[in-house]
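**Q** This is the structure I have questions about; it appears just below.
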Amino acid sequence: MSSRTGGRTRHAVVGTGARAEMFVRALVRAHADTAELVAFADVNQARMDAHNRWLGELGHAPVPTYRADEFAAMLAKERVDTVLVTTVDATHDEYIVAALHAGCDVVSEKPMTVDAPRCRRILDAVAETGRHVTVAFNYRYNPLHEQLRRLLADGAVGEIGSVHFEWLLDVRHGADYFRRWHRDKANSGGLMVHKASHHFDLVNWWLDATPVEVYAAGRLFFYGDAGRRHGYARDYARAHDAPAAADDPFALRMAEHPRLRELYLDAEAEDGYHRDQNVFAPGVTIEDDMAVLARYSTGATMTYHLTAYAPWEGYRVMVNGSRGRLELEVVESEFVSPQAAGALKGAALHGTEAAAEGGSATLTLRPYWQPPQRIEVEGYTRQGHGGADARMTQVLFGGATDPLHRAATARDGALALLTGLAANRSFETGQAVRVADLLSLP
């Protein structure tokens with residue numbers, strides 16, 4: 001149904017919140033010779049207008065805007081080749097399926113969707129149309145993670161027996177999930193789906209395996225009503241214009257951040273969405289402390305823990321094998337300064353810059369009978385998710401070759417999702433959950 005302009009692939013973005021900005025900048029700056037941004041769609045006109053104004057700052061003309069209920073008409077009128085889906089997670093399937101049936105390919109932000117029926121709907125549409133869905137698992141493109149994949153594939157630790165994976169979100173980044181729509185599990189699937197799908201995808205990719213069975217335990221320990229028990233709670237619904245939020249380190253002050261003000265505060269009149277809710281206010285239905293034990297098709301196991309209220313941010317991965325052990329430790333920020341606590345990680349919009357506090361990364365191979373070997377990794381940077389964003393968009397938009405097969409398919413998106421969904425089910429039942437009982441994949 002679509003046609004390319006001068007050899008460039010025509011892209012439309014649906015969902016013009018903060019998550020869209022990285023894709024938009026990549027399209028109009030880094031890859032303008034191979035890709036073209038042709039339209040925005042959203043439920044909120046003010047947000048689309050904000051992105052169009054920012055396009056002007058980049059020297060790019062504004063693009064046509066469409067209300068969400070005009071999505072199908074936009075695809076036809078603008079002759080779209082590829083749709084970028086950056087909406088609320090629970091609505092991904094609506095746009096993905098419509099785009100596929102309109103003859104478009106899709107790039108979806110992670111997670112691909114939030115439950116098994118929606119996932120089945122997407123997979124069926126892929127099979128019916130023959131079109132492609134790519135899930136933007138940018139962590140696959142981090143040079144550290146690429147090197148870990150190479151080492152494991154080359155047999156550096158022999159046959160893999162187990163993985164331990166610990167992820168720490170600090171009280172700046174972690175808190176932000178409890179201010180936004182993510183705090184409602186119906187929107188996001190909880191952090192086991194919205195956040196940990198990144199990590200579960202990495203393990204699937206590193207092991208070249210699929211999850212078979214999951215047991216998990218999780219609770220809301222720190223945020224929500226628990227904040228009163230710990231002495232952190234303040235009595236306000238949202239931070240803007242709330243005296244009680246004035247000196248609250250957990251309050252997001254959007255008025256102090258021009259981009260956040262324009263994208264959310266100035267757009268509230270249209271849809272009533274508050275980006276700065278009190279992280280300790282009622283209504284949180286997601287967990288903030290989660291432990292997972294998973295078994296894979298190769299026989300390997302994974303122990304995983306996600307903490308959303310840590311004093312520092314980073315992660316540790318340990319892979320145990322028949323010939324040794326591989327260890328990765330990344331410190332993204334050593335601590336959260338009081339001045340930065342009420343802001344977002346990095347710049348005004350998450351992910352574009354490194355945190356101001358110090359950080360480091362080490363990759364160590366510990367073979368049997370030998371001293372440990374420090375593995376130097378070229379290309380790692382503390383900007384843009386370790387340099388992953390730029391490397392991913394080179395493949396998605398720039399036509400770069402992908403010898404590591406990093407571009408995640410709809411099936412990859414489903415497998416990452418299923419580990420999180422099984423964990424959520426295990427939270428509820430207290431029992432181990434077989435992944436195939438949630439959704440069977442060929």
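Naming works like this for the structure tokens: A, B, ... for the chains as they're shown, residue 1 at the start of each chain, ligands 1 onward in shown order.
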So that I can see what lies close to range 40-56 of chain A, please list as a PDB file with all heavy atoms, in the first residue's frame the residues with an atom at most 6 Å from it, counting only C-alpha atoms and leaving out residues fewer than 6 positions away in the same chain.
**A**
```
ATOM      1  N   ALA A  12       5.932   6.451  10.374  1.00  0.00           N
ATOM      2  CA  ALA A  12       4.999   7.233  11.189  1.00  0.00           C
ATOM      3  C   ALA A  12       5.145   6.792  12.630  1.00  0.00           C
ATOM      4  O   ALA A  12       5.407   5.610  12.908  1.00  0.00           O
ATOM      5  CB  ALA A  12       3.564   7.025  10.717  1.00  0.00           C
ATOM      6  N   VAL A  13       4.975   7.723  13.552  1.00  0.00           N
ATOM      7  CA  VAL A  13       5.077   7.445  14.987  1.00  0.00           C
ATOM      8  C   VAL A  13       3.700   7.560  15.599  1.00  0.00           C
ATOM      9  O   VAL A  13       3.038   8.598  15.462  1.00  0.00           O
ATOM     10  CB  VAL A  13       6.046   8.427  15.682  1.00  0.00           C
ATOM     11  CG1 VAL A  13       6.032   8.207  17.193  1.00  0.00           C
ATOM     12  CG2 VAL A  13       7.457   8.269  15.135  1.00  0.00           C
ATOM     13  N   VAL A  14       3.257   6.511  16.314  1.00  0.00           N
ATOM     14  CA  VAL A  14       2.023   6.586  17.091  1.00  0.00           C
ATOM     15  C   VAL A  14       2.396   6.519  18.566  1.00  0.00           C
ATOM     16  O   VAL A  14       3.069   5.594  19.003  1.00  0.00           O
ATOM     17  CB  VAL A  14       1.021   5.474  16.701  1.00  0.00           C
ATOM     18  CG1 VAL A  14       1.606   4.081  16.846  1.00  0.00           C
ATOM     19  CG2 VAL A  14      -0.266   5.603  17.518  1.00  0.00           C
ATOM     20  N   GLY A  15       1.995   7.571  19.294  1.00  0.00           N
ATOM     21  CA  GLY A  15       2.383   7.707  20.692  1.00  0.00           C
ATOM     22  C   GLY A  15       3.515   8.701  20.811  1.00  0.00           C
ATOM     23  O   GLY A  15       4.671   8.358  20.573  1.00  0.00           O
ATOM     24  N   THR A  16       3.191   9.953  21.168  1.00  0.00           N
ATOM     25  CA  THR A  16       4.211  11.009  21.155  1.00  0.00           C
ATOM     26  C   THR A  16       4.549  11.496  22.555  1.00  0.00           C
ATOM     27  O   THR A  16       4.702  12.679  22.812  1.00  0.00           O
ATOM     28  CB  THR A  16       3.759  12.188  20.270  1.00  0.00           C
ATOM     29  OG1 THR A  16       2.452  12.614  20.678  1.00  0.00           O
ATOM     30  CG2 THR A  16       3.736  11.792  18.814  1.00  0.00           C
ATOM     31  N   PRO A  62       7.593  20.544  10.141  1.00  0.00           N
ATOM     32  CA  PRO A  62       6.591  19.772  10.874  1.00  0.00           C
ATOM     33  C   PRO A  62       5.962  18.716   9.974  1.00  0.00           C
ATOM     34  O   PRO A  62       5.923  18.871   8.748  1.00  0.00           O
ATOM     35  CB  PRO A  62       5.567  20.822  11.312  1.00  0.00           C
ATOM     36  CG  PRO A  62       5.776  21.973  10.388  1.00  0.00           C
ATOM     37  CD  PRO A  62       7.225  21.969  10.028  1.00  0.00           C
ATOM     38  N   THR A  65      -0.254  15.631  11.583  1.00  0.00           N
ATOM     39  CA  THR A  65      -0.665  14.977  12.822  1.00  0.00           C
ATOM     40  C   THR A  65      -2.066  14.399  12.661  1.00  0.00           C
ATOM     41  O   THR A  65      -2.915  14.970  11.975  1.00  0.00           O
ATOM     42  CB  THR A  65      -0.652  15.958  14.002  1.00  0.00           C
ATOM     43  OG1 THR A  65      -1.577  17.029  13.752  1.00  0.00           O
ATOM     44  CG2 THR A  65       0.740  16.534  14.215  1.00  0.00           C
ATOM     45  N   TYR A  66      -2.289  13.270  13.316  1.00  0.00           N
ATOM     46  CA  TYR A  66      -3.568  12.567  13.231  1.00  0.00           C
ATOM     47  C   TYR A  66      -3.997  12.133  14.625  1.00  0.00           C
ATOM     48  O   TYR A  66      -3.168  11.674  15.423  1.00  0.00           O
ATOM     49  CB  TYR A  66      -3.449  11.325  12.342  1.00  0.00           C
ATOM     50  CG  TYR A  66      -3.185  11.625  10.894  1.00  0.00           C
ATOM     51  CD1 TYR A  66      -1.898  11.901  10.442  1.00  0.00           C
ATOM     52  CD2 TYR A  66      -4.228  11.631   9.969  1.00  0.00           C
ATOM     53  CE1 TYR A  66      -1.644  12.184   9.112  1.00  0.00           C
ATOM     54  CE2 TYR A  66      -3.988  11.911   8.627  1.00  0.00           C
ATOM     55  CZ  TYR A  66      -2.699  12.181   8.199  1.00  0.00           C
ATOM     56  OH  TYR A  66      -2.457  12.468   6.877  1.00  0.00           O
ATOM     57  N   ARG A  67      -5.282  12.267  14.899  1.00  0.00           N
ATOM     58  CA  ARG A  67      -5.816  11.727  16.140  1.00  0.00           C
ATOM     59  C   ARG A  67      -5.733  10.201  16.081  1.00  0.00           C
ATOM     60  O   ARG A  67      -5.697   9.596  15.009  1.00  0.00           O
ATOM     61  CB  ARG A  67      -7.262  12.169  16.334  1.00  0.00           C
ATOM     62  CG  ARG A  67      -7.480  13.661  16.292  1.00  0.00           C
ATOM     63  CD  ARG A  67      -6.824  14.386  17.448  1.00  0.00           C
ATOM     64  NE  ARG A  67      -7.393  14.023  18.742  1.00  0.00           N
ATOM     65  CZ  ARG A  67      -7.191  14.738  19.858  1.00  0.00           C
ATOM     66  NH1 ARG A  67      -6.431  15.838  19.823  1.00  0.00           N
ATOM     67  NH2 ARG A  67      -7.719  14.359  20.991  1.00  0.00           N
ATOM     68  N   ALA A  68      -5.722   9.574  17.243  1.00  0.00           N
ATOM     69  CA  ALA A  68      -5.552   8.124  17.295  1.00  0.00           C
ATOM     70  C   ALA A  68      -6.630   7.386  16.512  1.00  0.00           C
ATOM     71  O   ALA A  68      -6.355   6.351  15.896  1.00  0.00           O
ATOM     72  CB  ALA A  68      -5.541   7.658  18.749  1.00  0.00           C
ATOM     73  N   LEU A 263       5.472  18.790  27.145  1.00  0.00           N
ATOM     74  CA  LEU A 263       4.971  17.489  26.718  1.00  0.00           C
ATOM     75  C   LEU A 263       3.831  16.979  27.594  1.00  0.00           C
ATOM     76  O   LEU A 263       2.940  16.279  27.098  1.00  0.00           O
ATOM     77  CB  LEU A 263       6.118  16.479  26.728  1.00  0.00           C
ATOM     78  CG  LEU A 263       5.971  15.222  25.874  1.00  0.00           C
ATOM     79  CD1 LEU A 263       5.740  15.574  24.418  1.00  0.00           C
ATOM     80  CD2 LEU A 263       7.219  14.356  26.022  1.00  0.00           C
ATOM     81  N   ALA A 267      -0.139  19.786  28.352  1.00  0.00           N
ATOM     82  CA  ALA A 267      -1.045  18.934  27.564  1.00  0.00           C
ATOM     83  C   ALA A 267      -2.162  18.328  28.412  1.00  0.00           C
ATOM     84  O   ALA A 267      -3.020  17.613  27.892  1.00  0.00           O
ATOM     85  CB  ALA A 267      -0.252  17.821  26.891  1.00  0.00           C
TER      86      ALA A 267
END
```
**Q** Can you pull out every residue within 6 Å of range 419-431 of chain A, counting only C-alpha atoms, but drop anything in the same chain fewer than 4 positions away, and send it as a PyMOL selection string?
**A** chain A and resi 192-193+214-218
**Q** Can those selected residues be exported to a file as a short mmCIF file (atom, residue, chain, number, x, y, z; two decimals), in the first residue's frame so that it contains C-alpha atoms?
**A**
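Listing of out_29.cif after writing:
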```cif
data_model
loop_
_atom_site.label_atom_id
_atom_site.label_comp_id
_atom_site.auth_asym_id
_atom_site.auth_seq_id
_atom_site.Cartn_x
_atom_site.Cartn_y
_atom_site.Cartn_z
CA MET A 192 8.07 -7.84 35.41
CA VAL A 193 6.71 -7.00 31.96
CA VAL A 214 8.99 -19.82 36.28
CA TYR A 215 8.53 -19.46 40.03
CA ALA A 216 8.48 -15.96 41.53
CA ALA A 217 7.65 -13.87 44.56
CA GLY A 218 7.01 -10.14 44.53
#
```
**Q** Between A:Leu144, A:Ala156, A:Val114, A:Ala196, which one has atoms that come closest to His92 in chain A, using only C-alpha atoms?
**A**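 Among A:Leu144, A:Ala156, A:Val114, A:Ala196, it is A:Val114 that comes nearest to His92 in chain A.
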**Q** Check the DSSP output for the backbone and give back, as a list in words, the residues of range 209-279 of chain A in strand (DSSP E).
**A**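 In range 209-279 of chain A, DSSP puts these residues in strand (DSSP E): Pro211, Val212, Glu213, Val214, Tyr215, Ala216, Ala217, Gly218 and Arg219 of chain A.
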**Q** Could you check which of A:Arg253, A:Arg238, A:His164, A:His385 is closest to Ala294 in chain A, using only C-alpha atoms?
**A** A:His164
**Q** Tell me which of A:Ala72, A:Val106, A:Val97, A:Leu252 sits closest to Leu84 in chain A, counting only C-alpha atoms.
**A**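 Of all the options, A:Val106 lies closest to Leu84 in chain A.
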**Q** Between CA of Arg172 in chain A and CA of Ala341 in chain A, what is the distance, to one decimal in Å?
**A**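 Atom-to-atom, CA of Arg172 in chain A to CA of Ala341 in chain A, that is 5.2 Å.
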